[in-house]
file data25.cif (mmCIF, N, CA and C atoms)
data_query
loop_
_atom_site.label_atom_id
_atom_site.label_comp_id
_atom_site.auth_asym_id
_atom_site.auth_seq_id
_atom_site.Cartn_x
_atom_site.Cartn_y
_atom_site.Cartn_z
N GLN A 1 145.28 209.26 71.83
CA GLN A 1 146.64 209.11 71.34
C GLN A 1 147.15 210.47 70.86
N VAL A 2 148.46 210.56 70.70
CA VAL A 2 149.07 211.81 70.24
C VAL A 2 148.62 212.10 68.82
N GLN A 3 148.14 213.32 68.62
CA GLN A 3 147.81 213.78 67.27
C GLN A 3 148.45 215.13 67.03
N LEU A 4 149.11 215.27 65.90
CA LEU A 4 149.77 216.52 65.50
C LEU A 4 149.35 216.82 64.07
N VAL A 5 148.79 218.01 63.87
CA VAL A 5 148.30 218.37 62.54
C VAL A 5 148.94 219.69 62.12
N GLU A 6 149.76 219.61 61.09
CA GLU A 6 150.45 220.80 60.58
C GLU A 6 149.60 221.49 59.52
N SER A 7 149.79 222.79 59.41
CA SER A 7 149.13 223.57 58.37
C SER A 7 149.97 224.81 58.08
N GLY A 8 149.61 225.50 57.00
CA GLY A 8 150.27 226.76 56.69
C GLY A 8 151.30 226.70 55.58
N GLY A 9 151.57 225.52 55.07
CA GLY A 9 152.53 225.42 53.98
C GLY A 9 151.96 225.99 52.69
N GLY A 10 152.81 226.07 51.68
CA GLY A 10 152.36 226.58 50.40
C GLY A 10 153.53 226.94 49.51
N LEU A 11 153.19 227.66 48.45
CA LEU A 11 154.18 228.12 47.47
C LEU A 11 154.54 229.57 47.77
N VAL A 12 155.82 229.85 47.84
CA VAL A 12 156.27 231.21 48.15
C VAL A 12 157.51 231.51 47.33
N GLN A 13 157.69 232.77 46.99
CA GLN A 13 158.86 233.18 46.25
C GLN A 13 160.07 233.31 47.16
N PRO A 14 161.27 233.19 46.62
CA PRO A 14 162.46 233.41 47.45
C PRO A 14 162.40 234.79 48.11
N GLY A 15 162.79 234.80 49.37
CA GLY A 15 162.70 236.04 50.14
C GLY A 15 161.38 236.23 50.85
N GLY A 16 160.43 235.39 50.56
CA GLY A 16 159.11 235.50 51.17
C GLY A 16 159.04 234.89 52.55
N SER A 17 157.84 234.93 53.12
CA SER A 17 157.61 234.44 54.47
C SER A 17 156.41 233.50 54.51
N LEU A 18 156.43 232.61 55.47
CA LEU A 18 155.30 231.74 55.77
C LEU A 18 155.29 231.47 57.26
N ARG A 19 154.11 231.20 57.80
CA ARG A 19 154.01 230.74 59.18
C ARG A 19 153.32 229.39 59.21
N LEU A 20 154.01 228.42 59.72
CA LEU A 20 153.46 227.09 59.89
C LEU A 20 152.85 226.96 61.28
N SER A 21 151.78 226.19 61.35
CA SER A 21 151.14 225.90 62.63
C SER A 21 151.04 224.40 62.82
N CYS A 22 151.01 223.99 64.07
CA CYS A 22 150.84 222.57 64.39
C CYS A 22 149.92 222.49 65.60
N THR A 23 148.76 221.93 65.39
CA THR A 23 147.79 221.77 66.48
C THR A 23 147.96 220.40 67.11
N ALA A 24 148.13 220.40 68.42
CA ALA A 24 148.43 219.16 69.14
C ALA A 24 147.25 218.73 70.00
N SER A 25 147.10 217.42 70.15
CA SER A 25 146.08 216.88 71.05
C SER A 25 146.51 215.50 71.52
N GLY A 26 145.88 215.05 72.60
CA GLY A 26 146.15 213.70 73.09
C GLY A 26 147.30 213.58 74.06
N PHE A 27 147.90 214.71 74.43
CA PHE A 27 148.98 214.69 75.42
C PHE A 27 149.09 216.07 76.05
N ALA A 28 149.89 216.16 77.10
CA ALA A 28 150.04 217.41 77.84
C ALA A 28 151.01 218.33 77.11
N PHE A 29 150.47 219.09 76.19
CA PHE A 29 151.30 219.94 75.33
C PHE A 29 152.15 220.91 76.13
N ARG A 30 151.55 221.53 77.15
CA ARG A 30 152.25 222.60 77.85
C ARG A 30 153.49 222.11 78.60
N ILE A 31 153.60 220.82 78.87
CA ILE A 31 154.78 220.30 79.55
C ILE A 31 155.59 219.39 78.63
N SER A 32 155.45 219.62 77.33
CA SER A 32 156.18 218.83 76.34
C SER A 32 157.11 219.68 75.52
N LYS A 33 158.34 219.19 75.35
CA LYS A 33 159.24 219.81 74.39
C LYS A 33 158.70 219.51 72.99
N MET A 34 158.90 220.45 72.08
CA MET A 34 158.37 220.28 70.72
C MET A 34 159.42 220.66 69.69
N THR A 35 159.30 220.08 68.53
CA THR A 35 160.32 220.21 67.50
C THR A 35 159.69 220.35 66.12
N TRP A 36 160.38 221.09 65.27
CA TRP A 36 160.08 221.10 63.84
C TRP A 36 161.19 220.34 63.11
N LEU A 37 160.78 219.45 62.23
CA LEU A 37 161.67 218.70 61.37
C LEU A 37 161.31 219.00 59.93
N ARG A 38 162.18 218.67 59.00
CA ARG A 38 161.84 218.81 57.60
C ARG A 38 162.54 217.73 56.78
N GLN A 39 161.93 217.45 55.64
CA GLN A 39 162.55 216.52 54.70
C GLN A 39 162.59 217.18 53.34
N ARG A 40 163.78 217.55 52.92
CA ARG A 40 163.96 218.17 51.62
C ARG A 40 163.99 217.10 50.55
N PRO A 41 163.70 217.46 49.30
CA PRO A 41 163.66 216.46 48.22
C PRO A 41 164.97 215.67 48.14
N GLY A 42 164.88 214.37 48.17
CA GLY A 42 166.05 213.52 48.03
C GLY A 42 166.92 213.42 49.27
N LYS A 43 166.48 214.04 50.38
CA LYS A 43 167.27 214.05 51.61
C LYS A 43 166.55 213.30 52.72
N GLY A 44 167.26 213.03 53.78
CA GLY A 44 166.66 212.42 54.95
C GLY A 44 166.00 213.46 55.84
N LEU A 45 165.44 213.00 56.91
CA LEU A 45 164.77 213.89 57.86
C LEU A 45 165.82 214.76 58.56
N GLU A 46 165.54 216.06 58.63
CA GLU A 46 166.48 217.02 59.23
C GLU A 46 165.81 217.74 60.39
N TRP A 47 166.57 218.00 61.41
CA TRP A 47 166.11 218.83 62.51
C TRP A 47 166.15 220.29 62.11
N VAL A 48 165.11 221.05 62.43
CA VAL A 48 165.04 222.47 62.12
C VAL A 48 165.14 223.31 63.40
N SER A 49 164.29 223.01 64.37
CA SER A 49 164.25 223.82 65.57
C SER A 49 163.48 223.09 66.66
N SER A 50 163.81 223.41 67.92
CA SER A 50 163.10 222.84 69.06
C SER A 50 162.82 223.93 70.08
N ILE A 51 161.77 223.71 70.86
CA ILE A 51 161.41 224.64 71.93
C ILE A 51 161.13 223.84 73.19
N ASN A 52 161.66 224.36 74.30
CA ASN A 52 161.49 223.69 75.58
C ASN A 52 160.23 224.22 76.28
N ILE A 53 159.90 223.62 77.41
CA ILE A 53 158.70 224.04 78.13
C ILE A 53 158.89 225.41 78.76
N ASP A 54 160.13 225.86 78.90
CA ASP A 54 160.38 227.20 79.43
C ASP A 54 160.62 228.20 78.31
N ASP A 55 160.27 227.79 77.09
CA ASP A 55 160.38 228.63 75.89
C ASP A 55 161.80 228.87 75.42
N THR A 56 162.78 228.18 76.00
CA THR A 56 164.11 228.24 75.41
C THR A 56 164.07 227.50 74.07
N THR A 57 164.88 227.98 73.14
CA THR A 57 164.82 227.47 71.78
C THR A 57 166.22 227.15 71.24
N ASP A 58 166.24 226.39 70.18
CA ASP A 58 167.47 226.13 69.46
C ASP A 58 167.14 225.96 68.00
N TYR A 59 168.11 226.28 67.14
CA TYR A 59 167.89 226.27 65.70
C TYR A 59 169.07 225.63 64.98
N GLU A 60 168.74 224.97 63.87
CA GLU A 60 169.77 224.51 62.97
C GLU A 60 170.43 225.74 62.36
N ASP A 61 171.74 225.66 62.12
CA ASP A 61 172.48 226.86 61.70
C ASP A 61 171.94 227.49 60.43
N ARG A 62 171.46 226.68 59.51
CA ARG A 62 171.00 227.24 58.23
C ARG A 62 169.71 228.04 58.35
N VAL A 63 168.98 227.88 59.43
CA VAL A 63 167.73 228.63 59.59
C VAL A 63 167.81 229.66 60.71
N ARG A 64 168.86 229.61 61.51
CA ARG A 64 169.00 230.54 62.61
C ARG A 64 169.00 231.97 62.10
N GLY A 65 168.20 232.81 62.72
CA GLY A 65 168.08 234.20 62.30
C GLY A 65 167.00 234.43 61.26
N ARG A 66 166.50 233.37 60.65
CA ARG A 66 165.42 233.50 59.65
C ARG A 66 164.13 232.86 60.15
N PHE A 67 164.23 231.82 60.94
CA PHE A 67 163.06 231.10 61.44
C PHE A 67 162.90 231.36 62.94
N THR A 68 161.65 231.38 63.39
CA THR A 68 161.36 231.53 64.82
C THR A 68 160.32 230.50 65.23
N ILE A 69 160.67 229.69 66.21
CA ILE A 69 159.75 228.72 66.77
C ILE A 69 159.08 229.34 67.98
N SER A 70 157.79 229.06 68.14
CA SER A 70 157.07 229.56 69.30
C SER A 70 155.91 228.62 69.61
N ARG A 71 155.29 228.85 70.76
CA ARG A 71 154.19 227.99 71.16
C ARG A 71 153.13 228.80 71.87
N ASP A 72 151.88 228.36 71.74
CA ASP A 72 150.76 228.95 72.48
C ASP A 72 150.13 227.81 73.26
N ASN A 73 150.47 227.71 74.53
CA ASN A 73 149.98 226.60 75.33
C ASN A 73 148.47 226.64 75.53
N GLY A 74 147.89 227.84 75.50
CA GLY A 74 146.44 227.95 75.63
C GLY A 74 145.69 227.36 74.44
N LYS A 75 146.37 227.35 73.29
CA LYS A 75 145.76 226.82 72.06
C LYS A 75 146.35 225.47 71.65
N ASN A 76 147.25 224.94 72.48
CA ASN A 76 147.93 223.68 72.13
C ASN A 76 148.51 223.73 70.73
N THR A 77 149.16 224.84 70.41
CA THR A 77 149.64 225.04 69.05
C THR A 77 151.11 225.45 69.04
N LEU A 78 151.83 224.86 68.13
CA LEU A 78 153.24 225.15 67.88
C LEU A 78 153.32 225.92 66.56
N TYR A 79 154.23 226.88 66.51
CA TYR A 79 154.39 227.68 65.30
C TYR A 79 155.82 227.66 64.80
N LEU A 80 155.97 227.91 63.50
CA LEU A 80 157.28 228.17 62.92
C LEU A 80 157.11 229.34 61.95
N GLN A 81 157.61 230.49 62.35
CA GLN A 81 157.59 231.66 61.48
C GLN A 81 158.86 231.63 60.65
N MET A 82 158.69 231.68 59.35
CA MET A 82 159.83 231.57 58.44
C MET A 82 159.92 232.83 57.59
N HIS A 83 161.07 233.47 57.63
CA HIS A 83 161.31 234.68 56.83
C HIS A 83 162.48 234.42 55.89
N ASN A 84 162.59 235.29 54.85
CA ASN A 84 163.70 235.21 53.91
C ASN A 84 163.91 233.78 53.41
N LEU A 85 162.83 233.18 52.95
CA LEU A 85 162.89 231.79 52.51
C LEU A 85 163.77 231.64 51.28
N LYS A 86 164.48 230.52 51.23
CA LYS A 86 165.41 230.23 50.16
C LYS A 86 164.97 228.96 49.43
N PHE A 87 165.47 228.77 48.22
CA PHE A 87 165.13 227.58 47.45
C PHE A 87 165.38 226.31 48.29
N GLU A 88 166.46 226.32 49.02
CA GLU A 88 166.84 225.12 49.79
C GLU A 88 165.97 224.87 51.01
N ASP A 89 165.04 225.78 51.28
CA ASP A 89 164.08 225.54 52.36
C ASP A 89 162.88 224.72 51.88
N THR A 90 162.82 224.45 50.57
CA THR A 90 161.75 223.62 50.04
C THR A 90 161.80 222.24 50.69
N ALA A 91 160.69 221.84 51.31
CA ALA A 91 160.67 220.59 52.07
C ALA A 91 159.26 220.33 52.57
N VAL A 92 159.06 219.11 53.04
CA VAL A 92 157.89 218.82 53.86
C VAL A 92 158.29 219.07 55.31
N TYR A 93 157.51 219.89 55.98
CA TYR A 93 157.81 220.26 57.37
C TYR A 93 156.88 219.50 58.30
N TYR A 94 157.48 218.94 59.34
CA TYR A 94 156.74 218.15 60.32
C TYR A 94 156.94 218.74 61.71
N CYS A 95 155.89 218.72 62.51
CA CYS A 95 156.10 218.97 63.93
C CYS A 95 156.14 217.63 64.65
N ALA A 96 156.86 217.60 65.75
CA ALA A 96 157.05 216.36 66.48
C ALA A 96 157.13 216.64 67.97
N LYS A 97 156.72 215.66 68.73
CA LYS A 97 156.78 215.76 70.19
C LYS A 97 158.16 215.34 70.65
N GLY A 98 158.78 216.22 71.44
CA GLY A 98 160.11 215.91 71.94
C GLY A 98 161.13 216.91 71.44
N TRP A 99 162.40 216.59 71.64
CA TRP A 99 163.50 217.50 71.31
C TRP A 99 164.46 216.83 70.34
N GLY A 100 164.79 217.53 69.28
CA GLY A 100 165.84 217.06 68.39
C GLY A 100 165.35 216.21 67.24
N VAL A 101 166.29 215.67 66.49
CA VAL A 101 165.98 214.96 65.25
C VAL A 101 165.21 213.66 65.52
N PHE A 102 165.32 213.11 66.73
CA PHE A 102 164.61 211.88 67.04
C PHE A 102 163.27 212.13 67.72
N ALA A 103 162.80 213.37 67.73
CA ALA A 103 161.49 213.68 68.30
C ALA A 103 160.43 212.85 67.60
N SER A 104 159.49 212.34 68.40
CA SER A 104 158.48 211.43 67.87
C SER A 104 157.32 211.36 68.85
N PRO A 105 156.09 211.14 68.34
CA PRO A 105 155.74 210.99 66.94
C PRO A 105 155.67 212.34 66.24
N ARG A 106 155.46 212.32 64.95
CA ARG A 106 155.32 213.54 64.19
C ARG A 106 154.01 213.51 63.42
N GLY A 107 153.63 214.67 62.90
CA GLY A 107 152.40 214.78 62.14
C GLY A 107 152.57 214.32 60.70
N GLN A 108 151.58 214.64 59.89
CA GLN A 108 151.60 214.18 58.50
C GLN A 108 152.41 215.11 57.60
N GLY A 109 152.73 216.29 58.11
CA GLY A 109 153.56 217.22 57.37
C GLY A 109 152.79 218.21 56.54
N THR A 110 153.46 219.31 56.23
CA THR A 110 152.92 220.33 55.33
C THR A 110 154.01 220.74 54.36
N GLN A 111 153.66 220.84 53.09
CA GLN A 111 154.65 221.11 52.04
C GLN A 111 154.93 222.61 51.94
N VAL A 112 156.20 222.95 51.93
CA VAL A 112 156.65 224.32 51.67
C VAL A 112 157.49 224.28 50.40
N THR A 113 157.09 225.06 49.42
CA THR A 113 157.82 225.13 48.16
C THR A 113 158.26 226.57 47.91
N VAL A 114 159.56 226.75 47.77
CA VAL A 114 160.11 228.07 47.50
C VAL A 114 160.54 228.07 46.03
N SER A 115 159.87 228.88 45.26
CA SER A 115 160.12 228.89 43.82
C SER A 115 159.75 230.23 43.23
N SER A 116 160.51 230.63 42.20
CA SER A 116 160.20 231.87 41.50
C SER A 116 159.35 231.58 40.27
#
call {"tool": "encode", "arguments": {"input": "data25.cif", "output": "structure tokens"}}
result
Amino acid sequence: QVQLVESGGGLVQPGGSLRLSCTASGFAFRISKMTWLRQRPGKGLEWVSSINIDDTTDYEDRVRGRFTISRDNGKNTLYLQMHNLKFEDTAVYYCAKGWGVFASPRGQGTQVTVSS
């Protein structure tokens, strides 16, 4: 079955950087669109970024220019490099199979906390 395991979250100061990873198994990762979602405190699930099988990407406006989604098909791993983190980026981040906010299934999530 599809398994997605996120890692790399943590506590970071505003302006800092983190790289999230998502290790995938149980499906053909290299021919699957993949997505990062997040859930901020008190908010619903939000789309962050998606990557296609040809490595074309798209980003939510609030993270465009600060976040970079990428994939390593040889390692079945999805990444989200995050720079210039802001308080409002505090959230649980999930990777999901598919494109967009309805991508599914998703992993268990990794917590990112931006705090001074």
call {"tool": "closest_residue", "arguments": {"input": "data25.cif", "among": "A:Thr35, A:Ser49, A:Thr56, A:Thr77", "to": "Ser104 of chain A", "atoms": "all atoms listed in the file"}}
result
A:Thr35
call {"tool": "resolve_selection", "arguments": {"input": "data25.cif", "expression": "the PyMOL selection byres ((chain A and resi 66) around 7)", "output": "ChimeraX atom specification"}}
result
/A:62-65,67-68,81-84
call {"tool": "write_last_selection", "arguments": {"input": "data25.cif", "atoms": "N, CA and C atoms", "output": "compact mmCIF listing (two decimals), keeping the file's coordinate frame"}}
result
# COMPACT_ATOMS: atom_id res chain seq x y z
N ARG A 62 171.46 226.68 59.51
CA ARG A 62 171.00 227.24 58.23
C ARG A 62 169.71 228.04 58.35
N VAL A 63 168.98 227.88 59.43
CA VAL A 63 167.73 228.63 59.59
C VAL A 63 167.81 229.66 60.71
N ARG A 64 168.86 229.61 61.51
CA ARG A 64 169.00 230.54 62.61
C ARG A 64 169.00 231.97 62.10
N GLY A 65 168.20 232.81 62.72
CA GLY A 65 168.08 234.20 62.30
C GLY A 65 167.00 234.43 61.26
N PHE A 67 164.23 231.82 60.94
CA PHE A 67 163.06 231.10 61.44
C PHE A 67 162.90 231.36 62.94
N THR A 68 161.65 231.38 63.39
CA THR A 68 161.36 231.53 64.82
C THR A 68 160.32 230.50 65.23
N GLN A 81 157.61 230.49 62.35
CA GLN A 81 157.59 231.66 61.48
C GLN A 81 158.86 231.63 60.65
N MET A 82 158.69 231.68 59.35
CA MET A 82 159.83 231.57 58.44
C MET A 82 159.92 232.83 57.59
N HIS A 83 161.07 233.47 57.63
CA HIS A 83 161.31 234.68 56.83
C HIS A 83 162.48 234.42 55.89
N ASN A 84 162.59 235.29 54.85
CA ASN A 84 163.70 235.21 53.91
C ASN A 84 163.91 233.78 53.41
call {"tool": "atom_distance", "arguments": {"input": "data25.cif", "atom1": "atom CA of Met34 of chain A", "atom2": "atom CA of Ser115 of chain A"}}
result
28.3 Å
call {"tool": "resolve_selection", "arguments": {"input": "data25.cif", "expression": "the PyMOL selection byres ((chain A and resi 87) around 6.5)", "output": "list in words"}}
result
Pro14, Leu85, Lys86, Glu88, Asp89, Thr90, Val114 and Ser115 of chain A
call {"tool": "closest_residue", "arguments": {"input": "data25.cif", "among": "A:Gln111, A:Gln1, A:Ser7, A:Asn52", "to": "Arg30 of chain A", "atoms": "all atoms listed in the file"}}
result
A:Asn52
call {"tool": "residues_near_point", "arguments": {"input": "data25.cif", "point": "(147.6, 213.9, 65.8)", "cutoff": "6.5 Å", "atoms": "all atoms listed in the file", "output": "number ranges by chain"}}
result
A: 1-5, 24-25, 107
call {"tool": "atom_distance", "arguments": {"input": "data25.cif", "atom1": "atom C of Leu37 of chain A", "atom2": "atom C of Gly100 of chain A"}}
result
8.8 Å
call {"tool": "select_by_dssp", "arguments": {"input": "data25.cif", "residues": "chain A", "states": "strand (DSSP E or B)", "output": "ChimeraX atom specification"}}
result
/A:3-7,10-12,18-25,34-39,45-51,57-59,64,67-72,77-82,91-97,106,110-114
call {"tool": "residues_near_point", "arguments": {"input": "data25.cif", "point": "(160.5, 220.0, 54.5)", "cutoff": "7 Å", "atoms": "only C-alpha atoms", "output": "list in words"}}
result
Arg38, Gln39, Arg40, Asp89, Thr90, Ala91, Val92, Tyr93, Gln111 and Val112 of chain A
call {"tool": "atom_distance", "arguments": {"input": "data25.cif", "atom1": "atom CA of Lys75 of chain A", "atom2": "atom CA of Tyr59 of chain A"}}
result
23.0 Å
call {"tool": "resolve_selection", "arguments": {"input": "data25.cif", "expression": "the PyMOL selection byres (((chain A and resi 101 and name CA) around 8) and name CA)", "output": "CSV table (one decimal) with N, CA and C atoms, keeping the file's coordinate frame"}}
result
chain,number,residue,atom,x,y,z
A,37,LEU,N,160.8,219.4,62.2
A,37,LEU,CA,161.7,218.7,61.4
A,37,LEU,C,161.3,219.0,59.9
A,45,LEU,N,165.4,213.0,56.9
A,45,LEU,CA,164.8,213.9,57.9
A,45,LEU,C,165.8,214.8,58.6
A,46,GLU,N,165.5,216.1,58.6
A,46,GLU,CA,166.5,217.0,59.2
A,46,GLU,C,165.8,217.7,60.4
A,47,TRP,N,166.6,218.0,61.4
A,47,TRP,CA,166.1,218.8,62.5
A,47,TRP,C,166.2,220.3,62.1
A,99,TRP,N,162.4,216.6,71.6
A,99,TRP,CA,163.5,217.5,71.3
A,99,TRP,C,164.5,216.8,70.3
A,100,GLY,N,164.8,217.5,69.3
A,100,GLY,CA,165.8,217.1,68.4
A,100,GLY,C,165.4,216.2,67.2
A,102,PHE,N,165.3,213.1,66.7
A,102,PHE,CA,164.6,211.9,67.0
A,102,PHE,C,163.3,212.1,67.7
A,103,ALA,N,162.8,213.4,67.7
A,103,ALA,CA,161.5,213.7,68.3
A,103,ALA,C,160.4,212.8,67.6
